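Right, one structure below, let's go through it.
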Number of protein chains: 2
Amino acid sequence: MALMSKNPAAPPVPTRDRLLDAFEELLVEGGERSATLDAVAAAAAVSKGGLLYHFASKDALVDAMLARLVALAREDAENIRTAPAGPVDYLIRTSVHTGSPLDRAYIAGSRLAQGRDLRARQVLTEIRRRWLSVIEDAVHDTDTAQAIMLISDGLYVNSSLAERELTPPTHTDEAMTRLIALIGRLLPST
Amino acid sequence: MALMSKNPAAPPVPTRDRLLDAFEELLVEGGERSATLDAVAAAAAVSKGGLLYHFASKDALVDAMLARLVALAREDAENIRTAPAGPVDYLIRTSVHTGSPLDRAYIAGSRLAQGRDLRARQVLTEIRRRWLSVIEDAVHDTDTAQAIMLISDGLYVNSSLAERELTPPTHTDEAMTRLIALIGRLLPST
DNA sequence: TTTACTGTACCGGCTAGACGGTATACTTGT
DNA sequence: ACAAGTATACCGTCTAGCCGGTACAGTAAA
């Protein structure tokens with residue numbers, strides 16, 4: 001009785017954000033090709049005119065999406081740095097597809113980066129540079145940090161590719177724990 | 001004098017292959033969106049009609065491309081297994097973008113896998129499964145093998161993303177050597 | 001009145017694909 | 001030997017539909 005499908009006091013998600021969500025979702029699910037203006041508008045239950053009211057062009061939509069990604073990544077870098085279980089543990093565990101907003105935005109961004117979009121490539125490169133520097137600070141060794149980043153990248157690829165197929169969950173929590181233990185061996189014994 | 005731009009006795013590359021090459025190249029450079037039939041035909045210096053003579057539909061073009069990828073990957077798995085410097089060394093060194101036919105085909109395939117193409121996803125999953133099994137045979141430890149595959153995947157991502165930007169070559173031969181040494185630490189000390 | 005849209009109609013360019021035609025080489029019957 | 005037919009390997013044109021974008025008239029709420 002107290003639980004409705006939505007908290008009645010919760011402000012509705014602004015149309016602008018719903019449009020960005022829909023854009024990301026389409027990119028993640030079907031790549032650049034699927035993410036047309038018509039499809040985005042339909043997925044957000046907004047008319048095409050409404051979409052173009054908020055974003056004057058597809059370019060503007062991309063810009064806004066990337067800006068949101070950058071903001072989320074900035075927060076995340078802080079989360080990695082201050083994670084109780086340590087930066088490496090946090091980074092690795094959040095590299096599998098968890099469905100978090102950052103996850104979705106990051107994968108959406110990498111879909112665009114596969115195309116000719118220079119901005120997307122630059123944003124992704126910058127984000128990874130930032131993550132790398134956090135890990136470097138944590139492990140005090142460039143080569144090791146780089147290897148850890150590669151594993152993180154690999155996890156992203158795997159989970160965004162194998163996604164929702166008939167594959168039994170490869171990257172279980174337990175598997176992640178073992179992987180992190182394994183990564184421990186990379187650390188120079190100080 | 002003896003060297004012309006081409007061996008005069010060399011048979012010209014068949015149009016069919018040139019079309020597949022062009023298709024891959026466009027996918028690698030600009031993603032699914034760039035790889036239209038018109039663009040493929042133009043890049044191969046063939047009319048659109050000519051393209052459709054060899055491949056009755058875009059689907060057929062994709063099928064042929066994936067078939068070639070599978071064939072190349074099959075050969076490669078054998079190369080990994082029998083590499084003089086060992087499977088891990090070979091796998092890691094060939095995970096950076098070398099411009100080899102397999103490289104190009106693999107990246108082209110992963111561009112398609114970003115979209116809705118089920119076949120591409122299945123093919124890539126299958127290829128990685130094959131590689132993993134070779135590495136498993138070599139290192140006798142599932143977790144370690146999986147970690148090595150993740151690093152390999154990460155290298156692919158990095159080199160296909162940062163490709164030909166103003167980034168100084170991150171993955172030099174020397175860096176690869178150090179990475180491989182690092183990976184050595186993952187191996188259980190038998 | 002302004003903000004935040006909806007809905008419709010339209011346009012130019014692109015996209016996949018169909019189709020008819022053509023040049024050339026090879027085969028077959030006589 | 002030669003005409004007739006067939007297969008191969010394309011070229012050039014056309015079309016239906018999609019895509020990004022424009023334009024604009026209307027509406028409902030604050």
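Each chain in the structure tokens gets a letter, A, B and so on, in the order shown; residues start at 1 in every chain, and ligands are counted from 1 in the order they appear.
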Residue neighbourhood DC19 (chain D), 9 Å, only C-alpha atoms (C1' of nucleotides), exclusion window fewer than 6 positions, as a PyMOL selection string
(chain A and resi 36-38) or (chain C and resi 13-14)
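Non-sequential neighbours of region 112-126 of chain B (distance at most 8 Å, separation of 6 or more positions within a chain, only C-alpha atoms (C1' of nucleotides)) are A:Val28, A:Glu29, A:Gly30, A:Gly31, A:Glu32, A:Arg33, A:Ser34, A:Arg111, A:Leu161, A:Ala162, B:Leu27, B:Gly31, B:Glu32, B:Leu66, B:Val70, B:Tyr106.
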Compile the contact shell of DC24 (chain D) as a ChimeraX atom specification: residues with an atom at most 12 Å away, counting only C-alpha atoms (C1' of nucleotides), same-chain residues fewer than 5 positions apart removed.
/A:49 /C:7-10
Could you name the residues that touch Asp143 (chain B) at 12 Å or less, counting only C-alpha atoms (C1' of nucleotides), but leaving out those on the same chain fewer than 3 positions away, as an MDAnalysis selection string? (chainID A and resid 170:171 174:183) or (chainID B and resid 132:133 135:136 139:140 146:150 186:188)
Restricting the output to N, CA and C atoms, write the selected residues as a compact mmCIF listing (two decimals), in the first residue's frame.
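Generated output (part.txt):
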```
# COMPACT_ATOMS: atom_id res chain seq x y z
N THR A 170 30.02 -15.58 -16.22
CA THR A 170 31.44 -15.92 -16.12
C THR A 170 32.09 -15.15 -14.98
N HIS A 171 31.66 -13.91 -14.85
CA HIS A 171 32.33 -13.03 -13.91
C HIS A 171 31.53 -12.90 -12.62
N GLU A 174 32.68 -14.41 -6.95
CA GLU A 174 33.77 -15.29 -6.51
C GLU A 174 34.93 -15.25 -7.50
N ALA A 175 34.58 -15.28 -8.78
CA ALA A 175 35.63 -15.23 -9.81
C ALA A 175 36.40 -13.92 -9.70
N MET A 176 35.69 -12.85 -9.39
CA MET A 176 36.34 -11.55 -9.26
C MET A 176 37.32 -11.57 -8.09
N THR A 177 36.88 -12.20 -7.01
CA THR A 177 37.76 -12.29 -5.84
C THR A 177 39.05 -13.02 -6.18
N ARG A 178 38.89 -14.13 -6.90
CA ARG A 178 40.10 -14.89 -7.28
C ARG A 178 40.98 -14.08 -8.21
N LEU A 179 40.33 -13.34 -9.14
CA LEU A 179 41.11 -12.52 -10.07
C LEU A 179 41.91 -11.46 -9.32
N ILE A 180 41.26 -10.85 -8.35
CA ILE A 180 41.94 -9.80 -7.58
C ILE A 180 43.11 -10.38 -6.79
N ALA A 181 42.90 -11.59 -6.28
CA ALA A 181 44.00 -12.25 -5.58
C ALA A 181 45.17 -12.48 -6.52
N LEU A 182 44.82 -12.89 -7.73
CA LEU A 182 45.85 -13.15 -8.74
C LEU A 182 46.62 -11.87 -9.07
N ILE A 183 45.88 -10.79 -9.18
CA ILE A 183 46.50 -9.51 -9.50
C ILE A 183 47.49 -9.11 -8.40
N LEU B 132 41.57 -18.91 -25.45
CA LEU B 132 41.64 -19.21 -24.02
C LEU B 132 42.06 -20.65 -23.79
N SER B 133 41.51 -21.54 -24.60
CA SER B 133 41.82 -22.95 -24.37
C SER B 133 43.29 -23.23 -24.68
N ILE B 135 45.74 -21.07 -24.26
CA ILE B 135 46.51 -20.52 -23.15
C ILE B 135 46.36 -21.40 -21.91
N GLU B 136 45.15 -21.92 -21.73
CA GLU B 136 44.95 -22.84 -20.60
C GLU B 136 45.87 -24.04 -20.69
N VAL B 139 49.40 -22.78 -19.65
CA VAL B 139 49.74 -22.36 -18.28
C VAL B 139 49.17 -23.28 -17.20
N HIS B 140 48.33 -24.22 -17.60
CA HIS B 140 47.78 -25.20 -16.66
C HIS B 140 47.06 -24.57 -15.47
N GLN B 146 42.70 -16.99 -17.80
CA GLN B 146 41.65 -16.00 -17.98
C GLN B 146 42.20 -14.58 -17.81
N ALA B 147 43.06 -14.41 -16.83
CA ALA B 147 43.67 -13.09 -16.62
C ALA B 147 44.51 -12.69 -17.83
N ILE B 148 45.23 -13.64 -18.38
CA ILE B 148 46.07 -13.34 -19.56
C ILE B 148 45.19 -12.95 -20.74
N MET B 149 44.06 -13.65 -20.90
CA MET B 149 43.13 -13.29 -21.97
C MET B 149 42.59 -11.88 -21.77
N LEU B 150 42.32 -11.53 -20.53
CA LEU B 150 41.81 -10.19 -20.25
C LEU B 150 42.83 -9.14 -20.66
N LEU B 186 52.26 -14.07 -12.68
CA LEU B 186 50.93 -14.63 -12.44
C LEU B 186 50.98 -16.15 -12.36
N LEU B 187 51.97 -16.70 -13.06
CA LEU B 187 52.05 -18.15 -13.14
C LEU B 187 52.32 -18.75 -11.77
N PRO B 188 51.59 -19.81 -11.45
CA PRO B 188 51.84 -20.47 -10.17
C PRO B 188 53.26 -21.03 -10.17
```
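Of note, CA of Ile127 (chain A) and CA of Tyr90 (chain A) are spaced 15.9 Å apart.
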(Q) Taking only region 8-177 of chain A into account, list the residues labelled helix (DSSP H, G or I) by DSSP (computed from the backbone), as a PyMOL selection string. (A) chain A and resi 15-34+37-43+48-54+58-82+87-93+101-114+118-139+142-161+173-177
**OP:** Please determine the contact residues of chain C with respect to chain B at a cut-off of 9 Å, counting only C-alpha atoms (C1' of nucleotides), and supply them as a PyMOL selection string.
**Re:** chain C and resi 15-17
For chain B, the closest of A:Asp103, A:Leu26, A:Val40, A:Ala138 counting only C-alpha atoms is A:Leu26
